[in-house]
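**Q** Provided below: my_file-v5.pdb, containing PDB, C-alpha atoms.
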```pdb
MODEL        1
ATOM      1  CA  LYS A   1      12.011   5.635  12.068  1.00  0.00           C
ATOM      2  CA  GLN A   2      10.137   2.408  11.363  1.00  0.00           C
ATOM      3  CA  GLU A   3      11.936  -0.080   9.143  1.00  0.00           C
ATOM      4  CA  VAL A   4      10.253  -3.172   7.734  1.00  0.00           C
ATOM      5  CA  THR A   5      11.892  -6.255   6.289  1.00  0.00           C
ATOM      6  CA  GLN A   6      10.328  -9.329   4.741  1.00  0.00           C
ATOM      7  CA  ILE A   7      11.864 -12.763   4.457  1.00  0.00           C
ATOM      8  CA  PRO A   8      12.175 -14.507   2.101  1.00  0.00           C
ATOM      9  CA  ALA A   9      12.346 -12.050  -0.793  1.00  0.00           C
ATOM     10  CA  ALA A  10      11.102 -14.763  -3.149  1.00  0.00           C
ATOM     11  CA  LEU A  11       9.660 -18.229  -2.701  1.00  0.00           C
ATOM     12  CA  SER A  12       8.731 -20.973  -5.127  1.00  0.00           C
ATOM     13  CA  VAL A  13       6.741 -23.977  -3.892  1.00  0.00           C
ATOM     14  CA  PRO A  14       4.749 -26.852  -5.384  1.00  0.00           C
ATOM     15  CA  GLU A  15       0.992 -26.685  -5.156  1.00  0.00           C
ATOM     16  CA  GLY A  16      -0.486 -27.962  -1.894  1.00  0.00           C
ATOM     17  CA  GLU A  17       2.349 -26.916   0.410  1.00  0.00           C
ATOM     18  CA  ASN A  18       1.785 -24.922   3.569  1.00  0.00           C
ATOM     19  CA  LEU A  19       4.044 -21.895   3.785  1.00  0.00           C
ATOM     20  CA  VAL A  20       5.031 -19.042   6.068  1.00  0.00           C
ATOM     21  CA  LEU A  21       5.949 -15.497   5.098  1.00  0.00           C
ATOM     22  CA  ASN A  22       7.794 -13.354   7.627  1.00  0.00           C
ATOM     23  CA  CYS A  23       7.615  -9.642   8.374  1.00  0.00           C
ATOM     24  CA  SER A  24       9.871  -7.842  10.875  1.00  0.00           C
ATOM     25  CA  PHE A  25       9.597  -4.240  12.052  1.00  0.00           C
ATOM     26  CA  THR A  26      11.860  -2.167  14.274  1.00  0.00           C
ATOM     27  CA  ASP A  27       9.381   0.006  16.209  1.00  0.00           C
ATOM     28  CA  SER A  28       6.904  -1.980  18.295  1.00  0.00           C
ATOM     29  CA  ALA A  29       4.654   1.047  18.989  1.00  0.00           C
ATOM     30  CA  ILE A  30       2.203   0.115  16.273  1.00  0.00           C
ATOM     31  CA  TYR A  31      -1.563   0.573  16.034  1.00  0.00           C
ATOM     32  CA  ASN A  32      -2.163  -2.249  13.599  1.00  0.00           C
ATOM     33  CA  LEU A  33      -0.485  -4.352  10.946  1.00  0.00           C
ATOM     34  CA  GLN A  34      -1.941  -5.162   7.561  1.00  0.00           C
ATOM     35  CA  TRP A  35      -1.051  -7.846   5.039  1.00  0.00           C
ATOM     36  CA  PHE A  36      -1.638  -7.174   1.355  1.00  0.00           C
ATOM     37  CA  ARG A  37      -1.463  -9.090  -1.891  1.00  0.00           C
ATOM     38  CA  GLN A  38      -0.307  -7.466  -5.127  1.00  0.00           C
ATOM     39  CA  ASP A  39      -0.636  -9.021  -8.563  1.00  0.00           C
ATOM     40  CA  PRO A  40       1.651  -7.755 -11.366  1.00  0.00           C
ATOM     41  CA  GLY A  41       0.623  -4.297 -12.557  1.00  0.00           C
ATOM     42  CA  LYS A  42      -2.242  -4.095 -10.069  1.00  0.00           C
ATOM     43  CA  GLY A  43      -3.052  -2.296  -6.858  1.00  0.00           C
ATOM     44  CA  LEU A  44      -2.822  -3.801  -3.381  1.00  0.00           C
ATOM     45  CA  THR A  45      -5.594  -6.018  -2.052  1.00  0.00           C
ATOM     46  CA  SER A  46      -6.048  -6.174   1.699  1.00  0.00           C
ATOM     47  CA  LEU A  47      -5.834  -9.717   3.072  1.00  0.00           C
ATOM     48  CA  LEU A  48      -5.788  -9.397   6.840  1.00  0.00           C
ATOM     49  CA  LEU A  49      -5.553  -6.630   9.403  1.00  0.00           C
ATOM     50  CA  ILE A  50      -4.415  -7.274  12.968  1.00  0.00           C
ATOM     51  CA  GLN A  51      -5.033  -4.676  15.658  1.00  0.00           C
ATOM     52  CA  SER A  52      -2.210  -4.132  18.162  1.00  0.00           C
ATOM     53  CA  SER A  53      -4.307  -5.771  20.896  1.00  0.00           C
ATOM     54  CA  GLN A  54      -4.796  -8.936  18.840  1.00  0.00           C
ATOM     55  CA  ARG A  55      -2.489 -11.906  18.412  1.00  0.00           C
ATOM     56  CA  GLU A  56      -3.858 -13.295  15.167  1.00  0.00           C
ATOM     57  CA  GLN A  57      -6.468 -13.073  12.451  1.00  0.00           C
ATOM     58  CA  THR A  58      -7.778 -15.731  10.097  1.00  0.00           C
ATOM     59  CA  SER A  59      -9.493 -15.604   6.735  1.00  0.00           C
ATOM     60  CA  GLY A  60     -10.049 -18.857   4.896  1.00  0.00           C
ATOM     61  CA  ARG A  61      -6.646 -20.465   4.226  1.00  0.00           C
ATOM     62  CA  LEU A  62      -4.789 -17.435   5.559  1.00  0.00           C
ATOM     63  CA  ASN A  63      -3.691 -16.856   9.119  1.00  0.00           C
ATOM     64  CA  ALA A  64      -1.686 -13.865  10.287  1.00  0.00           C
ATOM     65  CA  SER A  65      -0.053 -13.593  13.679  1.00  0.00           C
ATOM     66  CA  LEU A  66       1.451 -10.622  15.464  1.00  0.00           C
ATOM     67  CA  ASP A  67       4.096 -10.448  18.184  1.00  0.00           C
ATOM     68  CA  LYS A  68       4.505  -6.758  18.895  1.00  0.00           C
ATOM     69  CA  SER A  69       7.166  -7.130  21.556  1.00  0.00           C
ATOM     70  CA  SER A  70       9.510  -8.938  19.198  1.00  0.00           C
ATOM     71  CA  GLY A  71       8.525  -6.855  16.160  1.00  0.00           C
ATOM     72  CA  ARG A  72       7.336  -9.795  14.084  1.00  0.00           C
ATOM     73  CA  SER A  73       4.346 -10.889  12.080  1.00  0.00           C
ATOM     74  CA  THR A  74       3.866 -14.027  10.044  1.00  0.00           C
ATOM     75  CA  LEU A  75       1.417 -14.870   7.281  1.00  0.00           C
ATOM     76  CA  TYR A  76       0.588 -18.552   7.056  1.00  0.00           C
ATOM     77  CA  ILE A  77      -0.923 -19.869   3.822  1.00  0.00           C
ATOM     78  CA  ALA A  78      -2.394 -23.354   3.996  1.00  0.00           C
ATOM     79  CA  ALA A  79      -2.670 -25.714   1.038  1.00  0.00           C
ATOM     80  CA  SER A  80      -1.196 -23.266  -1.442  1.00  0.00           C
ATOM     81  CA  GLN A  81      -2.698 -22.969  -4.943  1.00  0.00           C
ATOM     82  CA  PRO A  82      -1.345 -21.512  -8.212  1.00  0.00           C
ATOM     83  CA  GLY A  83      -3.807 -18.649  -7.776  1.00  0.00           C
ATOM     84  CA  ASP A  84      -1.914 -17.627  -4.643  1.00  0.00           C
ATOM     85  CA  SER A  85       1.040 -16.571  -6.803  1.00  0.00           C
ATOM     86  CA  ALA A  86       1.597 -12.866  -6.162  1.00  0.00           C
ATOM     87  CA  THR A  87       3.708 -10.488  -4.113  1.00  0.00           C
ATOM     88  CA  TYR A  88       2.767 -10.244  -0.441  1.00  0.00           C
ATOM     89  CA  LEU A  89       3.467  -7.053   1.506  1.00  0.00           C
ATOM     90  CA  CYS A  90       3.123  -6.224   5.161  1.00  0.00           C
ATOM     91  CA  ALA A  91       2.580  -2.722   6.556  1.00  0.00           C
ATOM     92  CA  PRO A  92       2.617  -1.790  10.224  1.00  0.00           C
ATOM     93  CA  GLY A  93       0.696   1.388  11.042  1.00  0.00           C
ATOM     94  CA  ASP A  94       1.477   3.637  13.980  1.00  0.00           C
ATOM     95  CA  TYR A  95      -0.826   5.801  16.092  1.00  0.00           C
ATOM     96  CA  GLY A  96      -0.205   8.757  13.800  1.00  0.00           C
ATOM     97  CA  GLN A  97      -1.678   6.756  10.926  1.00  0.00           C
ATOM     98  CA  ASN A  98       1.730   6.417   9.295  1.00  0.00           C
ATOM     99  CA  PHE A  99       2.165   3.187   7.368  1.00  0.00           C
ATOM    100  CA  VAL A 100       5.522   1.734   6.368  1.00  0.00           C
ATOM    101  CA  PHE A 101       5.558  -0.983   3.746  1.00  0.00           C
ATOM    102  CA  GLY A 102       7.959  -3.868   3.499  1.00  0.00           C
ATOM    103  CA  PRO A 103       9.602  -4.709   0.150  1.00  0.00           C
ATOM    104  CA  GLY A 104       7.413  -7.792  -0.236  1.00  0.00           C
ATOM    105  CA  THR A 105       7.789 -11.533  -0.753  1.00  0.00           C
ATOM    106  CA  ARG A 106       7.269 -12.747  -4.313  1.00  0.00           C
ATOM    107  CA  LEU A 107       5.486 -16.110  -4.187  1.00  0.00           C
ATOM    108  CA  SER A 108       5.211 -18.601  -7.029  1.00  0.00           C
ATOM    109  CA  VAL A 109       3.053 -21.691  -6.544  1.00  0.00           C
ATOM    110  CA  LEU A 110       3.767 -24.289  -9.200  1.00  0.00           C
ATOM    111  CA  PRO A 111       0.989 -26.588 -10.452  1.00  0.00           C
TER     112      PRO A 111
ATOM    113  CA  ASP B   1     -20.164  -1.027  -5.099  1.00  0.00           C
ATOM    114  CA  GLY B   2     -17.677   0.907  -2.984  1.00  0.00           C
ATOM    115  CA  GLY B   3     -14.076   1.371  -3.857  1.00  0.00           C
ATOM    116  CA  ILE B   4     -11.288   3.581  -5.136  1.00  0.00           C
ATOM    117  CA  THR B   5     -11.005   4.528  -8.802  1.00  0.00           C
ATOM    118  CA  GLN B   6      -7.757   5.732 -10.297  1.00  0.00           C
ATOM    119  CA  SER B   7      -7.404   7.126 -13.798  1.00  0.00           C
ATOM    120  CA  PRO B   8      -5.830   6.923 -16.217  1.00  0.00           C
ATOM    121  CA  LYS B   9      -4.397   3.438 -15.866  1.00  0.00           C
ATOM    122  CA  TYR B  10      -1.539   4.270 -18.239  1.00  0.00           C
ATOM    123  CA  LEU B  11      -0.135   7.702 -19.024  1.00  0.00           C
ATOM    124  CA  PHE B  12       2.728   8.870 -21.186  1.00  0.00           C
ATOM    125  CA  ARG B  13       4.284  12.283 -20.692  1.00  0.00           C
ATOM    126  CA  LYS B  14       6.907  14.272 -22.465  1.00  0.00           C
ATOM    127  CA  GLU B  15       9.628  15.845 -20.395  1.00  0.00           C
ATOM    128  CA  GLY B  16       8.637  19.294 -19.133  1.00  0.00           C
ATOM    129  CA  GLN B  17       4.914  18.549 -18.961  1.00  0.00           C
ATOM    130  CA  ASN B  18       2.755  18.456 -15.870  1.00  0.00           C
ATOM    131  CA  VAL B  19       0.264  15.602 -15.562  1.00  0.00           C
ATOM    132  CA  THR B  20      -2.575  14.993 -13.117  1.00  0.00           C
ATOM    133  CA  LEU B  21      -3.584  11.579 -11.818  1.00  0.00           C
ATOM    134  CA  SER B  22      -7.143  11.188 -10.610  1.00  0.00           C
ATOM    135  CA  CYS B  23      -8.228   9.350  -7.450  1.00  0.00           C
ATOM    136  CA  GLU B  24     -11.883   9.074  -6.449  1.00  0.00           C
ATOM    137  CA  GLN B  25     -13.355   7.092  -3.547  1.00  0.00           C
ATOM    138  CA  ASN B  26     -16.931   6.368  -2.508  1.00  0.00           C
ATOM    139  CA  LEU B  27     -16.053   4.714   0.807  1.00  0.00           C
ATOM    140  CA  ASN B  28     -16.738   7.884   2.816  1.00  0.00           C
ATOM    141  CA  HIS B  29     -13.196   7.821   4.217  1.00  0.00           C
ATOM    142  CA  ASP B  30     -11.640  11.003   5.547  1.00  0.00           C
ATOM    143  CA  ALA B  31      -8.006   9.992   5.059  1.00  0.00           C
ATOM    144  CA  MET B  32      -6.440   9.519   1.640  1.00  0.00           C
ATOM    145  CA  TYR B  33      -2.881   8.761   0.530  1.00  0.00           C
ATOM    146  CA  TRP B  34      -0.655   8.792  -2.545  1.00  0.00           C
ATOM    147  CA  TYR B  35       2.219   6.320  -2.828  1.00  0.00           C
ATOM    148  CA  ARG B  36       4.870   5.726  -5.409  1.00  0.00           C
ATOM    149  CA  GLN B  37       6.149   2.237  -6.218  1.00  0.00           C
ATOM    150  CA  ASP B  38       9.367   1.540  -8.082  1.00  0.00           C
ATOM    151  CA  PRO B  39      10.647  -1.923  -9.079  1.00  0.00           C
ATOM    152  CA  GLY B  40      12.315  -3.710  -6.165  1.00  0.00           C
ATOM    153  CA  GLN B  41      11.325  -1.029  -3.657  1.00  0.00           C
ATOM    154  CA  GLY B  42       8.570  -0.728  -1.110  1.00  0.00           C
ATOM    155  CA  LEU B  43       5.834   1.857  -1.389  1.00  0.00           C
ATOM    156  CA  ARG B  44       6.921   5.396  -0.577  1.00  0.00           C
ATOM    157  CA  LEU B  45       4.529   8.056   0.682  1.00  0.00           C
ATOM    158  CA  ILE B  46       4.159  11.183  -1.469  1.00  0.00           C
ATOM    159  CA  TYR B  47       1.299  13.091   0.178  1.00  0.00           C
ATOM    160  CA  TYR B  48      -1.564  12.365   2.517  1.00  0.00           C
ATOM    161  CA  SER B  49      -4.747  14.120   3.556  1.00  0.00           C
ATOM    162  CA  GLN B  50      -6.602  13.554   6.801  1.00  0.00           C
ATOM    163  CA  ILE B  51      -9.554  15.785   5.983  1.00  0.00           C
ATOM    164  CA  VAL B  52     -10.942  18.035   3.283  1.00  0.00           C
ATOM    165  CA  ASN B  53      -8.852  21.153   2.562  1.00  0.00           C
ATOM    166  CA  ASP B  54      -5.867  19.755   4.457  1.00  0.00           C
ATOM    167  CA  PHE B  55      -2.892  17.726   3.257  1.00  0.00           C
ATOM    168  CA  GLN B  56       0.637  16.950   4.417  1.00  0.00           C
ATOM    169  CA  LYS B  57       3.895  16.111   2.647  1.00  0.00           C
ATOM    170  CA  GLY B  58       5.153  12.584   2.825  1.00  0.00           C
ATOM    171  CA  ASP B  59       8.690  11.294   2.425  1.00  0.00           C
ATOM    172  CA  ILE B  60       9.090  12.136  -1.279  1.00  0.00           C
ATOM    173  CA  ALA B  61       6.840  15.170  -1.924  1.00  0.00           C
ATOM    174  CA  GLU B  62       9.310  17.169  -4.029  1.00  0.00           C
ATOM    175  CA  GLY B  63       8.040  17.634  -7.583  1.00  0.00           C
ATOM    176  CA  TYR B  64       4.472  16.684  -6.690  1.00  0.00           C
ATOM    177  CA  SER B  65       1.362  18.633  -5.662  1.00  0.00           C
ATOM    178  CA  VAL B  66      -2.116  17.676  -4.466  1.00  0.00           C
ATOM    179  CA  SER B  67      -5.476  19.196  -3.605  1.00  0.00           C
ATOM    180  CA  ARG B  68      -8.353  18.005  -1.457  1.00  0.00           C
ATOM    181  CA  GLU B  69     -11.387  20.133  -2.256  1.00  0.00           C
ATOM    182  CA  LYS B  70     -13.857  17.270  -1.860  1.00  0.00           C
ATOM    183  CA  LYS B  71     -13.918  14.296   0.466  1.00  0.00           C
ATOM    184  CA  GLU B  72     -14.208  11.920  -2.462  1.00  0.00           C
ATOM    185  CA  SER B  73     -11.337  13.262  -4.545  1.00  0.00           C
ATOM    186  CA  PHE B  74      -7.562  13.540  -4.046  1.00  0.00           C
ATOM    187  CA  PRO B  75      -5.812  14.291  -7.367  1.00  0.00           C
ATOM    188  CA  LEU B  76      -2.027  14.177  -7.690  1.00  0.00           C
ATOM    189  CA  THR B  77      -0.120  16.434 -10.079  1.00  0.00           C
ATOM    190  CA  VAL B  78       3.318  15.308 -11.203  1.00  0.00           C
ATOM    191  CA  THR B  79       5.133  18.484 -12.142  1.00  0.00           C
ATOM    192  CA  SER B  80       8.071  19.042 -14.454  1.00  0.00           C
ATOM    193  CA  ALA B  81      10.197  19.536 -11.329  1.00  0.00           C
ATOM    194  CA  GLN B  82       9.995  15.815 -10.532  1.00  0.00           C
ATOM    195  CA  LYS B  83      13.342  14.469 -11.741  1.00  0.00           C
ATOM    196  CA  ASN B  84      12.402  10.842 -12.217  1.00  0.00           C
ATOM    197  CA  PRO B  85       8.620  10.592 -12.558  1.00  0.00           C
ATOM    198  CA  THR B  86       8.396   7.235 -14.348  1.00  0.00           C
ATOM    199  CA  ALA B  87       6.772   4.952 -11.766  1.00  0.00           C
ATOM    200  CA  PHE B  88       3.605   3.198 -10.622  1.00  0.00           C
ATOM    201  CA  TYR B  89       1.379   5.474  -8.534  1.00  0.00           C
ATOM    202  CA  LEU B  90      -1.079   4.126  -5.981  1.00  0.00           C
ATOM    203  CA  CYS B  91      -3.884   5.946  -4.210  1.00  0.00           C
ATOM    204  CA  ALA B  92      -5.368   4.676  -0.942  1.00  0.00           C
ATOM    205  CA  SER B  93      -7.983   5.630   1.601  1.00  0.00           C
ATOM    206  CA  GLU B  94      -8.199   4.661   5.244  1.00  0.00           C
ATOM    207  CA  ASP B  95     -11.167   3.575   7.332  1.00  0.00           C
ATOM    208  CA  ARG B  96     -10.253   5.591  10.432  1.00  0.00           C
ATOM    209  CA  SER B  97     -13.690   5.403  11.956  1.00  0.00           C
ATOM    210  CA  ASN B  98     -13.336   1.663  12.379  1.00  0.00           C
ATOM    211  CA  THR B  99     -10.218  -0.479  12.052  1.00  0.00           C
ATOM    212  CA  GLY B 100      -7.757   1.799  10.287  1.00  0.00           C
ATOM    213  CA  GLU B 101      -7.743  -0.520   7.286  1.00  0.00           C
ATOM    214  CA  LEU B 102      -6.173   0.763   4.066  1.00  0.00           C
ATOM    215  CA  PHE B 103      -7.895   0.301   0.726  1.00  0.00           C
ATOM    216  CA  PHE B 104      -6.099   0.789  -2.576  1.00  0.00           C
ATOM    217  CA  GLY B 105      -6.995   1.687  -6.130  1.00  0.00           C
ATOM    218  CA  GLU B 106      -5.701  -0.210  -9.167  1.00  0.00           C
ATOM    219  CA  GLY B 107      -2.849   2.217  -9.778  1.00  0.00           C
ATOM    220  CA  SER B 108      -1.666   4.491 -12.563  1.00  0.00           C
ATOM    221  CA  ARG B 109       1.524   3.822 -14.502  1.00  0.00           C
ATOM    222  CA  LEU B 110       3.283   6.972 -15.675  1.00  0.00           C
ATOM    223  CA  THR B 111       6.009   6.807 -18.300  1.00  0.00           C
ATOM    224  CA  VAL B 112       8.072   9.817 -19.295  1.00  0.00           C
ATOM    225  CA  LEU B 113       9.212   9.713 -22.901  1.00  0.00           C
TER     226      LEU B 113
ENDMDL
END
```
Kindly return the structure encoded in the file as structure tokens.

**A**
Amino acid sequence: KQEVTQIPAALSVPEGENLVLNCSFTDSAIYNLQWFRQDPGKGLTSLLLIQSSQREQTSGRLNASLDKSSGRSTLYIAASQPGDSATYLCAPGDYGQNFVFGPGTRLSVLP
Amino acid sequence: DGGITQSPKYLFRKEGQNVTLSCEQNLNHDAMYWYRQDPGQGLRLIYYSQIVNDFQKGDIAEGYSVSREKKESFPLTVTSAQKNPTAFYLCASEDRSNTGELFFGEGSRLTVL
């Protein structure tokens, strides 16, 4: 059964810093991996999706990488801003369209 | 514009009552999902549906029921058999014809009084 962990559980940084969020998963037989953002009391917003055949995806200041063989994905946020403060979740999906969500990393960017 | 609409946003229920949470999507997605989120825990799958008139139990289906009579709609009923129903409920649909990307609604918070 797929298990997903995210490190760190919480992170507080000053505005402008570059930062890396980590996601680890136990079963490398995945179809894709998606990164989400969740603001308090809100639903999940999709940030980036990486197909299993891809190594990375970029959107603006965000870059996500995927290493299937080692069961790892990282989300890189460049030049962080207070508006980036949220909880970030990763979710690998398998070929049966089963998604397992990590517990999330709670990010605070201080002005 | 396209998206997923969940209602109500907040719901209060007395013990012993059934309640139904609505989920409507206009993304033309075949697959839809219901998740439950509790503080400090990841999302847990309640039910999912891959096509109209078909649905499967997820990891925590006990005390819940669903229907999928229309492609656009996937309502979730929280029954009185659910022992601890107070939680945040999230509905999602999946773009299986393309990338397999998941899209979520804004969620419904259920509180049992």

**Q** Pull the closest atom pair for each residue of chain A that gets at most 12 Å from chain B, along with the distance in Å to one decimal, counting all atoms listed in the file, ordering rows by chain and then ascending residue number, as JSON lines.

**A**
```
{"residue": "A:Lys1", "atom": "CA", "partner": "B:Asp59", "partner_atom": "CA", "distance": 11.7}
{"residue": "A:Glu3", "atom": "CA", "partner": "B:Gly42", "partner_atom": "CA", "distance": 10.8}
{"residue": "A:Val4", "atom": "CA", "partner": "B:Gly42", "partner_atom": "CA", "distance": 9.3}
{"residue": "A:Thr5", "atom": "CA", "partner": "B:Gly42", "partner_atom": "CA", "distance": 9.8}
{"residue": "A:Gln6", "atom": "CA", "partner": "B:Gly42", "partner_atom": "CA", "distance": 10.5}
{"residue": "A:Ala9", "atom": "CA", "partner": "B:Gly40", "partner_atom": "CA", "distance": 9.9}
{"residue": "A:Ala10", "atom": "CA", "partner": "B:Gly40", "partner_atom": "CA", "distance": 11.5}
{"residue": "A:Ile30", "atom": "CA", "partner": "B:Gly100", "partner_atom": "CA", "distance": 11.7}
{"residue": "A:Tyr31", "atom": "CA", "partner": "B:Gly100", "partner_atom": "CA", "distance": 8.5}
{"residue": "A:Asn32", "atom": "CA", "partner": "B:Gly100", "partner_atom": "CA", "distance": 7.7}
{"residue": "A:Leu33", "atom": "CA", "partner": "B:Glu101", "partner_atom": "CA", "distance": 9.0}
{"residue": "A:Gln34", "atom": "CA", "partner": "B:Glu101", "partner_atom": "CA", "distance": 7.4}
{"residue": "A:Trp35", "atom": "CA", "partner": "B:Leu102", "partner_atom": "CA", "distance": 10.1}
{"residue": "A:Phe36", "atom": "CA", "partner": "B:Leu102", "partner_atom": "CA", "distance": 9.5}
{"residue": "A:Arg37", "atom": "CA", "partner": "B:Phe104", "partner_atom": "CA", "distance": 10.9}
{"residue": "A:Gln38", "atom": "CA", "partner": "B:Glu106", "partner_atom": "CA", "distance": 9.9}
{"residue": "A:Asp39", "atom": "CA", "partner": "B:Glu106", "partner_atom": "CA", "distance": 10.2}
{"residue": "A:Pro40", "atom": "CA", "partner": "B:Glu106", "partner_atom": "CA", "distance": 10.8}
{"residue": "A:Gly41", "atom": "CA", "partner": "B:Gly107", "partner_atom": "CA", "distance": 7.9}
{"residue": "A:Lys42", "atom": "CA", "partner": "B:Glu106", "partner_atom": "CA", "distance": 5.3}
{"residue": "A:Gly43", "atom": "CA", "partner": "B:Glu106", "partner_atom": "CA", "distance": 4.1}
{"residue": "A:Leu44", "atom": "CA", "partner": "B:Phe104", "partner_atom": "CA", "distance": 5.7}
{"residue": "A:Thr45", "atom": "CA", "partner": "B:Phe104", "partner_atom": "CA", "distance": 6.8}
{"residue": "A:Ser46", "atom": "CA", "partner": "B:Phe103", "partner_atom": "CA", "distance": 6.8}
{"residue": "A:Leu47", "atom": "CA", "partner": "B:Glu101", "partner_atom": "CA", "distance": 10.3}
{"residue": "A:Leu48", "atom": "CA", "partner": "B:Glu101", "partner_atom": "CA", "distance": 9.1}
{"residue": "A:Leu49", "atom": "CA", "partner": "B:Glu101", "partner_atom": "CA", "distance": 6.8}
{"residue": "A:Ile50", "atom": "CA", "partner": "B:Thr99", "partner_atom": "CA", "distance": 9.0}
{"residue": "A:Gln51", "atom": "CA", "partner": "B:Thr99", "partner_atom": "CA", "distance": 7.6}
{"residue": "A:Ser52", "atom": "CA", "partner": "B:Thr99", "partner_atom": "CA", "distance": 10.7}
{"residue": "A:Ser53", "atom": "CA", "partner": "B:Thr99", "partner_atom": "CA", "distance": 11.9}
{"residue": "A:Thr87", "atom": "CA", "partner": "B:Gly40", "partner_atom": "CA", "distance": 11.1}
{"residue": "A:Tyr88", "atom": "CA", "partner": "B:Gly42", "partner_atom": "CA", "distance": 11.2}
{"residue": "A:Leu89", "atom": "CA", "partner": "B:Gly42", "partner_atom": "CA", "distance": 8.5}
{"residue": "A:Cys90", "atom": "CA", "partner": "B:Gly42", "partner_atom": "CA", "distance": 10.0}
{"residue": "A:Ala91", "atom": "CA", "partner": "B:Leu43", "partner_atom": "CA", "distance": 9.7}
{"residue": "A:Pro92", "atom": "CA", "partner": "B:Glu101", "partner_atom": "CA", "distance": 10.8}
{"residue": "A:Gly93", "atom": "CA", "partner": "B:Gly100", "partner_atom": "CA", "distance": 8.5}
{"residue": "A:Asp94", "atom": "CA", "partner": "B:Gly100", "partner_atom": "CA", "distance": 10.1}
{"residue": "A:Tyr95", "atom": "CA", "partner": "B:Gly100", "partner_atom": "CA", "distance": 9.9}
{"residue": "A:Gly96", "atom": "CA", "partner": "B:Gln50", "partner_atom": "CA", "distance": 10.6}
{"residue": "A:Gln97", "atom": "CA", "partner": "B:Gly100", "partner_atom": "CA", "distance": 7.9}
{"residue": "A:Asn98", "atom": "CA", "partner": "B:Leu45", "partner_atom": "CA", "distance": 9.2}
{"residue": "A:Phe99", "atom": "CA", "partner": "B:Leu45", "partner_atom": "CA", "distance": 8.6}
{"residue": "A:Val100", "atom": "CA", "partner": "B:Leu43", "partner_atom": "CA", "distance": 7.8}
{"residue": "A:Phe101", "atom": "CA", "partner": "B:Gly42", "partner_atom": "CA", "distance": 5.7}
{"residue": "A:Gly102", "atom": "CA", "partner": "B:Gly42", "partner_atom": "CA", "distance": 5.6}
{"residue": "A:Pro103", "atom": "CA", "partner": "B:Gly42", "partner_atom": "CA", "distance": 4.3}
{"residue": "A:Gly104", "atom": "CA", "partner": "B:Gly42", "partner_atom": "CA", "distance": 7.2}
{"residue": "A:Thr105", "atom": "CA", "partner": "B:Gly40", "partner_atom": "CA", "distance": 10.5}
{"residue": "A:Arg106", "atom": "CA", "partner": "B:Gly40", "partner_atom": "CA", "distance": 10.5}
```

**Q** Calculate how many Å separate atom CA of B:Gln56 from atom CA of B:Trp34, rounding to one decimal.

**A**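 Between these atoms lies a distance of 10.8 Å.
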
**Q** Point out the residue among B:Asn53, B:Ser93, B:Ser7, B:Thr79 with the least atom-to-atom distance to B:Leu21, counting only C-alpha atoms.

**A**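 Closest residue, counting only C-alpha atoms: B:Ser7.
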
**Q** For the atom pair atom CA of A:Ser108 and atom CA of A:Val20, what is the interatomic distance in Å to one decimal place?

**A**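 Computed distance, atom CA of A:Ser108 to atom CA of A:Val20, equals 13.1 Å.
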
**Q** Rounded to one decimal place, report the atom CA of B:Leu11-atom CA of B:Lys71 distance in Å.

**A**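 So the answer is 24.8 Å.
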